[in-house]
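Below is target02.csv, which holds CSV, C-alpha atoms and all ligand atoms.
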```csv
chain,number,residue,atom,x,y,z
A,556,MET,CA,72.6,103.8,91.7
A,557,ALA,CA,72.8,105.4,88.2
A,558,GLY,CA,75.3,108.2,87.9
A,559,ALA,CA,77.0,107.3,91.2
A,560,GLN,CA,80.7,106.4,91.1
A,561,ARG,CA,81.2,102.8,92.1
A,562,THR,CA,84.3,102.3,94.2
A,563,HIS,CA,86.7,99.8,92.6
A,564,SER,CA,90.0,98.4,93.7
A,565,LEU,CA,93.1,98.0,91.6
A,566,SER,CA,95.2,94.9,91.9
A,567,PRO,CA,98.7,94.6,90.3
A,568,SER,CA,97.3,92.4,87.5
A,569,SER,CA,94.4,94.8,86.8
A,570,TRP,CA,96.9,97.7,86.9
A,571,ASN,CA,99.0,95.8,84.3
A,572,ASN,CA,95.9,95.3,82.2
A,573,PHE,CA,95.0,98.9,82.4
A,574,GLU,CA,98.5,99.9,81.3
A,575,ALA,CA,98.6,97.4,78.4
A,576,CYS,CA,95.2,98.5,77.1
A,577,PRO,CA,92.6,100.6,79.1
A,578,ARG,CA,89.8,99.0,77.1
A,579,LYS,CA,91.0,95.5,78.2
A,580,PHE,CA,90.7,96.7,81.8
A,581,TRP,CA,87.2,98.2,81.1
A,582,LEU,CA,86.0,95.1,79.4
A,583,SER,CA,87.3,92.9,82.2
A,584,ARG,CA,84.9,94.8,84.6
A,585,GLN,CA,81.7,94.3,82.5
A,586,ARG,CA,80.8,90.8,83.9
A,587,LEU,CA,81.3,89.2,80.5
A,588,PRO,CA,81.8,85.4,80.4
A,589,ARG,CA,85.2,84.6,81.6
A,590,LYS,CA,87.7,82.2,80.1
A,591,ALA,CA,89.5,79.5,82.1
A,592,GLY,CA,93.0,78.4,81.1
A,593,MET,CA,95.1,75.4,82.0
A,594,ALA,CA,98.1,77.6,83.1
A,595,ALA,CA,96.0,79.6,85.5
A,596,SER,CA,94.4,76.5,87.0
A,597,LEU,CA,97.8,74.8,87.5
A,598,GLY,CA,99.2,78.0,89.1
A,599,THR,CA,96.3,78.2,91.5
A,600,ALA,CA,96.5,74.5,92.5
A,601,VAL,CA,100.2,74.9,93.2
A,602,HIS,CA,99.7,78.2,95.2
A,603,ASP,CA,96.9,76.7,97.3
A,604,SER,CA,98.9,73.6,98.0
A,605,VAL,CA,101.8,75.6,99.3
A,606,GLU,CA,99.4,77.6,101.5
A,607,ASP,CA,97.9,74.3,102.9
A,608,LEU,CA,101.3,72.9,103.6
A,609,CYS,CA,102.3,76.0,105.4
A,610,ASN,CA,99.2,75.8,107.6
A,611,LEU,CA,99.3,72.1,108.0
A,612,ASP,CA,98.4,70.8,111.5
A,613,LEU,CA,101.2,68.5,112.6
A,614,THR,CA,99.9,67.8,116.1
A,615,GLY,CA,100.4,64.2,117.2
A,616,LYS,CA,103.3,63.6,114.7
A,617,SER,CA,106.7,62.7,116.1
A,618,ASP,CA,109.3,65.4,115.5
A,619,GLU,CA,111.8,62.9,114.1
A,620,GLU,CA,109.5,61.4,111.5
A,621,THR,CA,110.7,61.7,107.9
A,622,GLY,CA,109.3,60.5,104.6
A,623,TRP,CA,105.8,62.0,105.3
A,624,LEU,CA,106.1,65.1,103.2
A,625,PRO,CA,106.1,63.6,99.6
A,626,THR,CA,102.8,61.7,100.2
A,627,THR,CA,101.2,64.6,102.2
A,628,ALA,CA,102.2,67.1,99.5
A,629,LYS,CA,100.8,64.8,96.7
A,630,SER,CA,97.5,64.3,98.5
A,631,ILE,CA,97.1,68.0,99.1
A,632,LEU,CA,98.0,68.8,95.5
A,633,THR,CA,95.5,66.2,94.3
A,634,ARG,CA,92.7,67.7,96.3
A,635,GLN,CA,93.5,71.2,95.0
A,636,TRP,CA,93.9,69.9,91.5
A,637,ASN,CA,90.4,68.3,91.7
A,638,ASP,CA,88.9,71.6,93.0
A,639,GLU,CA,90.5,73.5,90.1
A,640,ARG,CA,89.2,71.0,87.6
A,641,GLU,CA,85.7,71.5,88.9
A,642,LYS,CA,86.0,75.3,88.7
A,643,PHE,CA,87.5,75.1,85.2
A,644,PHE,CA,84.5,73.2,83.9
A,645,LYS,CA,82.1,75.7,85.7
A,646,THR,CA,83.8,78.6,83.9
A,647,PRO,CA,81.6,79.6,81.0
A,648,ARG,CA,84.4,79.6,78.4
A,649,HIS,CA,87.0,76.9,78.8
A,650,PRO,CA,89.3,74.8,76.6
A,651,LYS,CA,90.1,71.1,77.2
A,652,TRP,CA,91.3,70.1,80.6
A,653,LYS,CA,94.8,68.6,80.4
A,654,GLU,CA,95.0,66.0,83.1
A,655,GLU,CA,98.5,65.1,82.0
A,656,GLU,CA,99.7,68.4,83.3
A,657,PHE,CA,99.3,67.1,86.9
A,658,ALA,CA,102.9,65.8,86.8
A,659,GLY,CA,104.1,69.4,85.9
A,660,ALA,CA,102.1,70.8,88.8
A,661,GLN,CA,103.8,68.3,91.1
A,662,LYS,CA,107.2,69.4,89.9
A,663,GLN,CA,106.3,73.0,90.4
A,664,LEU,CA,105.1,72.3,94.0
A,665,ILE,CA,108.4,70.6,94.7
A,666,GLY,CA,110.2,73.7,93.1
A,667,ALA,CA,108.3,76.0,95.5
A,668,LEU,CA,109.2,73.7,98.5
A,669,ASN,CA,112.8,73.7,97.5
A,670,ILE,CA,112.9,77.5,97.7
A,671,LEU,CA,111.3,77.3,101.2
A,672,PHE,CA,114.0,74.8,102.3
A,673,LYS,CA,116.8,77.0,101.1
A,674,LYS,CA,115.3,80.1,102.8
A,675,ALA,CA,115.1,78.1,106.1
A,676,GLY,CA,118.8,77.2,105.7
A,677,TYR,CA,118.4,73.6,104.6
A,678,LYS,CA,120.6,73.1,101.6
A,679,GLN,CA,120.3,70.3,99.1
A,680,VAL,CA,117.5,68.3,100.9
A,681,SER,CA,115.0,66.0,99.4
A,682,LEU,CA,111.3,66.1,100.3
A,683,SER,CA,111.5,62.7,102.0
A,684,SER,CA,114.4,63.8,104.3
A,685,ILE,CA,112.5,66.7,105.8
A,686,SER,CA,111.5,65.8,109.4
A,687,VAL,CA,108.3,67.0,111.1
A,688,ALA,CA,110.5,69.2,113.3
A,689,GLN,CA,112.1,70.8,110.3
A,690,TRP,CA,108.7,71.5,108.7
A,691,LYS,CA,107.5,73.0,111.9
A,692,ASP,CA,110.6,75.3,111.8
A,693,ILE,CA,109.7,76.3,108.2
A,694,GLN,CA,106.1,77.0,109.4
A,695,GLU,CA,107.5,79.3,112.1
A,696,MET,CA,109.5,81.1,109.4
A,697,VAL,CA,106.3,81.7,107.4
A,698,LEU,CA,104.6,84.7,108.9
A,699,ALA,CA,101.6,84.7,106.6
A,700,ALA,CA,100.5,82.4,103.7
A,701,GLU,CA,97.9,83.7,101.2
A,702,GLY,CA,96.4,86.8,102.6
A,703,THR,CA,94.7,89.8,101.0
A,704,LEU,CA,96.7,93.0,101.2
A,705,ARG,CA,94.7,96.2,101.0
A,706,SER,CA,95.6,99.9,101.3
A,707,SER,CA,93.8,101.6,104.2
A,708,CYS,CA,91.7,103.5,101.7
A,709,GLY,CA,90.6,100.2,100.0
A,710,ARG,CA,91.7,101.4,96.6
A,711,LEU,CA,94.7,99.1,96.1
A,712,MET,CA,94.7,95.4,96.8
A,713,GLY,CA,96.6,92.2,96.0
A,714,ARG,CA,96.9,88.6,97.1
A,715,LEU,CA,100.1,88.0,99.1
A,716,ASP,CA,101.4,84.5,98.6
A,717,LEU,CA,103.9,84.4,101.4
A,718,LEU,CA,105.4,86.7,104.0
A,719,ILE,CA,108.4,85.0,105.6
A,720,ALA,CA,111.1,85.9,108.1
A,721,ASP,CA,114.4,86.7,106.4
A,722,ARG,CA,117.0,84.7,108.4
A,723,ASP,CA,120.8,85.1,108.5
A,724,GLU,CA,123.3,82.3,108.7
A,725,GLU,CA,122.6,81.8,112.4
A,726,GLY,CA,118.9,81.6,111.9
A,727,ASN,CA,118.2,85.1,113.4
A,728,THR,CA,115.4,87.1,111.8
A,729,VAL,CA,116.9,90.1,110.1
A,730,GLY,CA,113.9,91.2,108.0
A,731,TRP,CA,110.9,90.1,106.1
A,732,ILE,CA,110.5,88.7,102.6
A,733,VAL,CA,107.4,89.3,100.6
A,734,ALA,CA,107.3,86.3,98.2
A,735,ASP,CA,105.1,85.8,95.2
A,736,LEU,CA,105.1,82.3,93.6
A,737,LYS,CA,105.4,82.3,89.8
A,738,THR,CA,104.5,79.2,87.9
A,739,GLY,CA,105.1,80.8,84.5
A,740,ARG,CA,108.3,81.0,82.5
A,741,PRO,CA,111.3,82.4,84.5
A,742,PRO,CA,112.9,85.5,82.9
A,743,ASP,CA,116.0,85.1,80.8
A,744,GLY,CA,117.8,87.9,82.5
A,745,GLU,CA,116.3,90.8,84.4
A,746,ILE,CA,113.0,90.5,86.1
A,747,TYR,CA,110.1,91.6,83.9
A,748,GLU,CA,109.1,95.2,84.6
A,749,THR,CA,105.4,94.3,85.2
A,750,VAL,CA,106.4,91.6,87.7
A,751,SER,CA,108.9,94.0,89.4
A,752,ARG,CA,106.1,96.6,89.8
A,753,GLN,CA,103.7,94.0,91.1
A,754,LEU,CA,106.2,92.8,93.7
A,755,ARG,CA,107.0,96.3,94.8
A,756,LEU,CA,103.4,97.1,95.2
A,757,TYR,CA,103.0,94.1,97.6
A,758,ARG,CA,106.2,95.3,99.4
A,759,ASP,CA,104.9,98.9,99.7
A,760,LEU,CA,101.5,97.8,100.9
A,761,VAL,CA,103.1,95.6,103.6
A,762,MET,CA,105.2,98.6,104.7
A,763,ALA,CA,102.3,101.0,104.8
A,764,ASN,CA,100.2,98.6,106.8
A,765,ASN,CA,103.0,97.8,109.3
A,766,PRO,CA,104.7,101.0,110.4
A,767,ASN,CA,107.2,99.2,112.6
A,768,HIS,CA,108.3,96.8,109.9
A,769,PRO,CA,111.9,95.6,109.7
A,770,LYS,CA,113.8,95.7,106.3
A,771,ILE,CA,111.5,94.2,103.6
A,772,THR,CA,112.6,92.4,100.5
A,773,SER,CA,110.2,91.5,97.7
A,774,GLU,CA,110.9,88.4,95.7
A,775,GLY,CA,109.5,86.5,92.8
A,776,TRP,CA,109.9,82.7,93.3
A,777,TYR,CA,109.9,80.9,90.0
A,778,THR,CA,108.8,77.4,90.8
A,779,LYS,CA,109.8,75.9,87.4
A,780,ASN,CA,113.5,76.1,88.3
A,781,SER,CA,113.4,77.2,91.9
A,782,SER,CA,115.0,80.6,90.9
A,783,VAL,CA,114.5,83.7,93.0
A,784,TYR,CA,114.4,87.2,91.6
A,785,VAL,CA,114.5,90.3,93.8
A,786,ALA,CA,112.5,93.3,92.9
A,787,GLU,CA,114.2,96.6,93.7
A,788,GLY,CA,113.2,100.1,93.1
A,789,PRO,CA,111.3,103.1,94.3
A,790,ASN,CA,107.9,103.0,96.1
A,791,VAL,CA,105.0,102.6,93.6
A,792,ILE,CA,102.1,103.5,95.8
A,793,ALA,CA,101.8,107.0,94.3
A,794,ASP,CA,101.8,105.6,90.8
A,795,ALA,CA,99.3,103.0,91.7
A,796,MET,CA,96.9,105.6,93.2
A,797,GLU,CA,97.3,107.6,90.0
A,798,ALA,CA,96.3,104.5,88.0
A,799,TRP,CA,93.4,103.9,90.3
A,800,GLU,CA,92.2,107.5,89.7
A,801,ALA,CA,92.5,107.0,85.9
A,802,SER,CA,90.8,103.7,85.9
A,803,ARG,CA,87.5,104.8,87.6
A,804,LEU,CA,84.9,103.1,85.5
A,805,THR,CA,82.6,105.1,83.2
A,806,PRO,CA,79.6,104.0,81.1
A,807,GLU,CA,81.6,104.7,78.0
A,808,PRO,CA,84.4,102.3,77.1
A,809,PHE,CA,88.0,103.4,77.9
A,810,GLU,CA,90.4,104.1,75.0
A,811,ALA,CA,91.7,101.0,73.2
A,812,THR,CA,95.4,100.7,72.5
A,813,PRO,CA,95.7,97.6,70.3
A,814,SER,CA,99.1,96.0,69.8
A,815,SER,CA,100.3,92.5,69.2
A,816,GLU,CA,101.4,92.2,72.9
A,817,ALA,CA,98.2,93.6,74.4
A,818,CYS,CA,95.8,91.8,72.1
A,819,GLY,CA,97.8,88.5,71.9
A,820,PHE,CA,96.1,86.9,75.0
A,821,CYS,CA,93.2,89.3,75.4
A,822,GLU,CA,90.1,87.3,76.2
A,823,TRP,CA,87.7,90.1,75.3
A,824,LYS,CA,88.2,90.3,71.6
A,825,ALA,CA,84.6,89.3,70.8
A,826,TRP,CA,83.5,92.5,72.5
A,827,CYS,CA,86.2,94.9,71.2
A,828,PRO,CA,85.9,96.7,67.9
A,829,ALA,CA,89.4,98.1,68.0
A,830,TRP,CA,91.6,95.1,67.0
A,831,PRO,CA,90.1,94.4,63.6
A,832,VAL,CA,90.5,98.2,62.7
A,833,ALA,CA,94.1,98.2,63.9
A,834,ARG,CA,94.8,95.0,61.8
A,835,ALA,CA,93.0,96.3,58.7
A,836,SER,CA,94.9,99.6,58.8
A,837,GLY,CA,98.3,97.8,59.2
A,838,LYS,CA,98.9,99.2,62.7
A,839,MET,CA,98.9,95.7,64.1
A,840,GLU,CA,100.4,92.8,62.3
A,841,SER,CA,98.7,89.5,61.8
A,842,TYR,CA,101.1,86.6,61.7
A,843,GLY,CA,101.5,83.0,62.9
A,844,THR,CA,99.5,79.9,62.4
A,845,PHE,CA,96.8,80.8,65.0
A,846,ARG,CA,94.8,83.8,64.1
A,847,ASP,CA,91.5,85.6,65.1
A,848,TYR,CA,88.8,86.6,62.7
A,849,VAL,CA,85.3,88.0,62.6
A,850,VAL,CA,83.3,85.9,60.2
A,851,LYS,CA,80.0,85.3,58.7
A,852,ILE,CA,79.0,81.7,58.4
A,853,ILE,CA,77.9,81.0,54.8
A,854,ASN,CA,76.9,77.4,55.4
A,855,LEU,CA,77.3,74.5,57.8
A,856,ASP,CA,76.8,70.8,57.2
A,857,ASP,CA,74.1,69.0,59.1
A,858,ASP,CA,76.3,68.0,62.1
A,859,CYS,CA,78.1,71.3,62.0
A,860,SER,CA,81.6,69.7,61.7
A,861,VAL,CA,82.3,71.3,58.4
A,862,GLY,CA,81.4,74.8,57.2
A,863,LEU,CA,82.2,77.7,54.9
A,864,VAL,CA,82.8,81.1,56.3
A,865,GLU,CA,83.6,84.6,55.0
A,866,ILE,CA,86.1,86.9,56.7
A,867,MET,CA,84.5,90.2,57.6
A,868,GLY,CA,86.4,93.5,57.7
A,869,PRO,CA,85.8,96.7,59.6
A,870,GLU,CA,83.6,99.4,58.0
A,871,ASP,CA,83.8,101.8,61.0
A,872,ASP,CA,85.4,102.1,64.4
A,873,ASN,CA,82.4,100.7,66.3
A,874,GLY,CA,82.4,97.1,65.2
A,875,LYS,CA,80.3,97.4,62.0
A,876,MET,CA,81.8,94.7,59.7
A,877,GLY,CA,81.4,94.1,56.0
A,878,PRO,CA,82.2,91.2,53.6
A,879,THR,CA,85.8,90.9,52.2
A,880,GLY,CA,85.1,88.2,49.7
A,881,GLN,CA,87.6,85.9,51.3
A,882,ARG,CA,86.0,82.6,52.0
A,883,HIS,CA,87.4,79.5,53.8
A,884,GLY,CA,86.3,76.0,54.5
A,885,VAL,CA,86.5,75.2,58.2
A,886,VAL,CA,86.7,71.8,60.0
A,887,PHE,CA,85.3,72.0,63.6
A,888,ALA,CA,86.2,69.6,66.3
A,889,GLY,CA,86.2,69.4,70.1
A,890,TYR,CA,84.9,72.4,72.0
A,891,ALA,CA,84.7,74.5,68.8
A,892,LEU,CA,82.3,72.0,67.4
A,893,GLU,CA,80.3,71.9,70.6
A,894,ASN,CA,80.1,75.7,70.6
A,895,ILE,CA,79.2,76.0,66.9
A,896,ARG,CA,76.4,73.5,67.5
A,897,LYS,CA,75.1,75.5,70.5
A,898,LEU,CA,75.1,78.7,68.4
A,899,ASN,CA,73.4,76.9,65.6
A,900,ASP,CA,70.7,75.8,68.1
A,901,TYR,CA,70.2,79.3,69.5
A,902,ALA,CA,70.5,81.2,66.2
A,903,PRO,CA,69.5,78.9,63.4
A,904,ASP,CA,69.5,82.0,61.1
A,905,TYR,CA,73.3,82.1,61.5
A,906,GLU,CA,73.7,83.6,58.0
A,907,ASN,CA,72.5,86.9,59.5
A,908,GLU,CA,74.9,86.8,62.5
A,909,LEU,CA,78.6,87.5,62.8
A,910,TYR,CA,80.9,85.5,64.9
A,911,PHE,CA,84.3,85.9,66.5
A,912,PHE,CA,86.6,82.9,65.9
A,913,GLY,CA,89.6,82.9,68.2
A,914,SER,CA,92.9,81.1,67.5
A,915,VAL,CA,91.9,79.6,64.2
A,916,ASN,CA,94.6,77.2,62.8
A,917,VAL,CA,95.2,78.7,59.4
A,918,GLY,CA,98.2,76.4,58.6
A,919,SER,CA,96.4,74.7,55.7
A,920,LYS,CA,93.9,75.8,53.1
A,921,THR,CA,91.0,74.5,55.2
A,922,TRP,CA,91.0,76.2,58.6
A,923,LYS,CA,91.0,73.9,61.7
A,924,MET,CA,89.2,74.8,64.9
A,925,GLY,CA,89.3,72.6,68.0
A,926,ASP,CA,89.4,72.6,71.8
A,927,TRP,CA,91.7,75.6,71.9
A,928,CYS,CA,89.4,78.0,70.0
A,929,ASP,CA,86.9,80.6,70.9
A,930,VAL,CA,83.6,80.6,69.1
A,931,LEU,CA,81.5,83.6,70.2
A,932,PRO,CA,78.9,85.9,68.8
A,933,TRP,CA,80.5,89.2,67.5
A,934,ASN,CA,79.2,91.7,70.0
A,935,PRO,CA,81.2,94.9,70.3
A,936,LEU,CA,80.4,96.6,73.6
A,937,LEU,CA,80.0,100.3,73.2
A,938,ARG,CA,78.4,101.2,76.5
A,939,SER,CA,78.5,99.5,79.8
A,940,THR,CA,75.4,97.6,80.9
A,941,ARG,CA,76.3,98.3,84.5
A,942,ASP,CA,75.4,101.5,86.5
A,943,TYR,CA,78.2,103.8,87.5
A,1001,LIG,S1,91.5,93.1,71.8
A,1001,LIG,FE1,93.3,94.5,72.0
A,1001,LIG,S2,92.5,96.5,71.8
A,1001,LIG,FE2,90.8,95.2,72.3
A,1001,LIG,S3,90.6,95.2,74.5
A,1001,LIG,FE3,91.9,93.5,74.0
A,1001,LIG,S4,93.9,94.3,74.2
A,1001,LIG,FE4,92.6,96.1,74.0
```
Please re-express this file's structure in structure tokens.
Amino acid sequence: MAGAQRTHSLSPSSWNNFEACPRKFWLSRQRLPRKAGMAASLGTAVHDSVEDLCNLDLTGKSDEETGWLPTTAKSILTRQWNDEREKFFKTPRHPKWKEEEFAGAQKQLIGALNILFKKAGYKQVSLSSISVAQWKDIQEMVLAAEGTLRSSCGRLMGRLDLLIADRDEEGNTVGWIVADLKTGRPPDGEIYETVSRQLRLYRDLVMANNPNHPKITSEGWYTKNSSVYVAEGPNVIADAMEAWEASRLTPEPFEATPSSEACGFCEWKAWCPAWPVARASGKMESYGTFRDYVVKIINLDDDCSVGLVEIMGPEDDNGKMGPTGQRHGVVFAGYALENIRKLNDYAPDYENELYFFGSVNVGSKTWKMGDWCDVLPWNPLLRSTRDY
């Protein structure tokens, strides 16, 4: 209904987005075409495999049987991997699928299982030595695998990976552990503040929803090296509620706070007029071999594999761009070539359109664009197309 306030819910990752750049959060809620990424697909395949293993039905198997876990884990991971591949290709914007990363996913799954073994009190064990009885014991330790956590008001939510019983040396339950699996790079020293806040939000939601809870610890489990980081600190529910209030969606875009950190992996640049302004005014540096540009295509050869483009610079704060006189030859390959061909089919008068080129390799005089690049129409979004 126009004018009505749509209720939204804030997850730890959307809270982080909102803090990093409110515009990024606003754009993420505009139903723009999403981008798939290999790291996210790998992470989901590992998470879902751990969940499946925790819920595995072992009825009919002998308690003494060993050697079953490596093959079971691999076949579960293979199924999840195939599902992720399918979703990846269905996502409107996606780079190249890297099948060779399956081995890395396998290692990360083993990394997650090793943490579970340790938590259950089994030290230095291999997957093949875990008996059916031991895995059943681990399953008993797991109180919940992959559940949605929601505040009673519905404003805050998150996906809980694992809730497990915290056991002492004798195997007695002395508390609960809220565990979040992390397939990214482990921190060098202290846990990242954004991760700590996320883990504490899970902890505080579990506490709020279970008034008779025992002691709860919140941990980040880094599957790359099986390291565990504990998140300690004050309750974050009040801060999260404040962020929820501030992030109520409006038809007008939220403030943009461009910075190298926030914009670095922002997938909404083709719809955001703020970053070229920040870059042109020197407020945000542009460095590295892979860079983003708004360009006008001056010409394309017949099969679109080679072209000449001109970099466009901001003329106002709303995305109006004008010529800079800087022209570059571009070689298109892979998905960049597919996308430029599609654009060329839909908009054969490309000379009158502007485009966002993401992650252009500017390492040589002629730019290179390939599977890793975004090629999108430049389309700054200045008002929501949704009703609020
Ligand atoms: S490109 Fe930068 S300024 Fe624009 S929405 Fe993304 S993070 Fe914010």
Shortest interatomic distance to ligand LIG 1001 (chain A) - which of A:Arg705, A:Arg589, A:Lys674, A:Arg834, counting only C-alpha atoms and all ligand atoms: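 Smallest distance to ligand LIG 1001 (chain A) is found for A:Arg834.
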For Pro647 (chain A), the nearest of the candidates A:Asn764, A:Gln689, A:Gln663, A:Asn894, counting all atoms listed in the file: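 With all atoms listed in the file as the atom set, the closest residue is A:Asn894.
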Between CA of Asp716 (chain A) and CA of Glu800 (chain A), distance in Å (one decimal): 26.3 Å
Within 6 Å of ligand LIG 1001 (chain A) (only C-alpha atoms and all ligand atoms), residues as a VMD selection string: chain A and resid 576 578 to 579 811 to 813 817 to 818 821 823 to 824 827 829 to 830
Distance in Å - CA of Ile853 (chain A) versus CA of Arg648 (chain A): 24.5 Å
Residue nearest Ala667 (chain A) - candidates A:Trp776, A:Trp690, A:Trp581, A:Phe820, atoms counted: all atoms listed in the file: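 Closest to Ala667 (chain A), using all atoms listed in the file: A:Trp776.
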CA of Leu611 (chain A) to CA of Asp692 (chain A), distance in Å rounded to a single decimal: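 Atom-to-atom, CA of Leu611 (chain A) to CA of Asp692 (chain A), that is 12.3 Å.
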Determine, for each residue of region 586-695 of chain A having at least one atom at most 9 Å from an atom of region 718-726 of chain A, the closest pair of atoms and their separation in Å to one decimal, counting all atoms listed in the file; order by chain and ascending number, as JSON lines.
```
{"residue": "A:Lys674", "atom": "CA", "partner": "A:Arg722", "partner_atom": "CA", "distance": 7.4}
{"residue": "A:Ala675", "atom": "CA", "partner": "A:Arg722", "partner_atom": "CA", "distance": 7.2}
{"residue": "A:Gly676", "atom": "CA", "partner": "A:Glu724", "partner_atom": "CA", "distance": 7.4}
{"residue": "A:Glu695", "atom": "CA", "partner": "A:Ala720", "partner_atom": "CA", "distance": 8.5}
```
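Counting only C-alpha atoms and comparing A:Trp731, A:Leu624, A:Ala798, A:Val750, the residue that lies closest to Asn767 (chain A) is A:Trp731.
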Selection as a ChimeraX atom specification: residues within 8 Å of (89.9, 77.1, 67.5), counting only C-alpha atoms: /A:887,891,912-916,923-930
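Shortest atom-to-atom contact with His649 (chain A) among A:Gly889, A:Gly880, A:Gly874, A:Gly615: A:Gly889, counting all atoms listed in the file.
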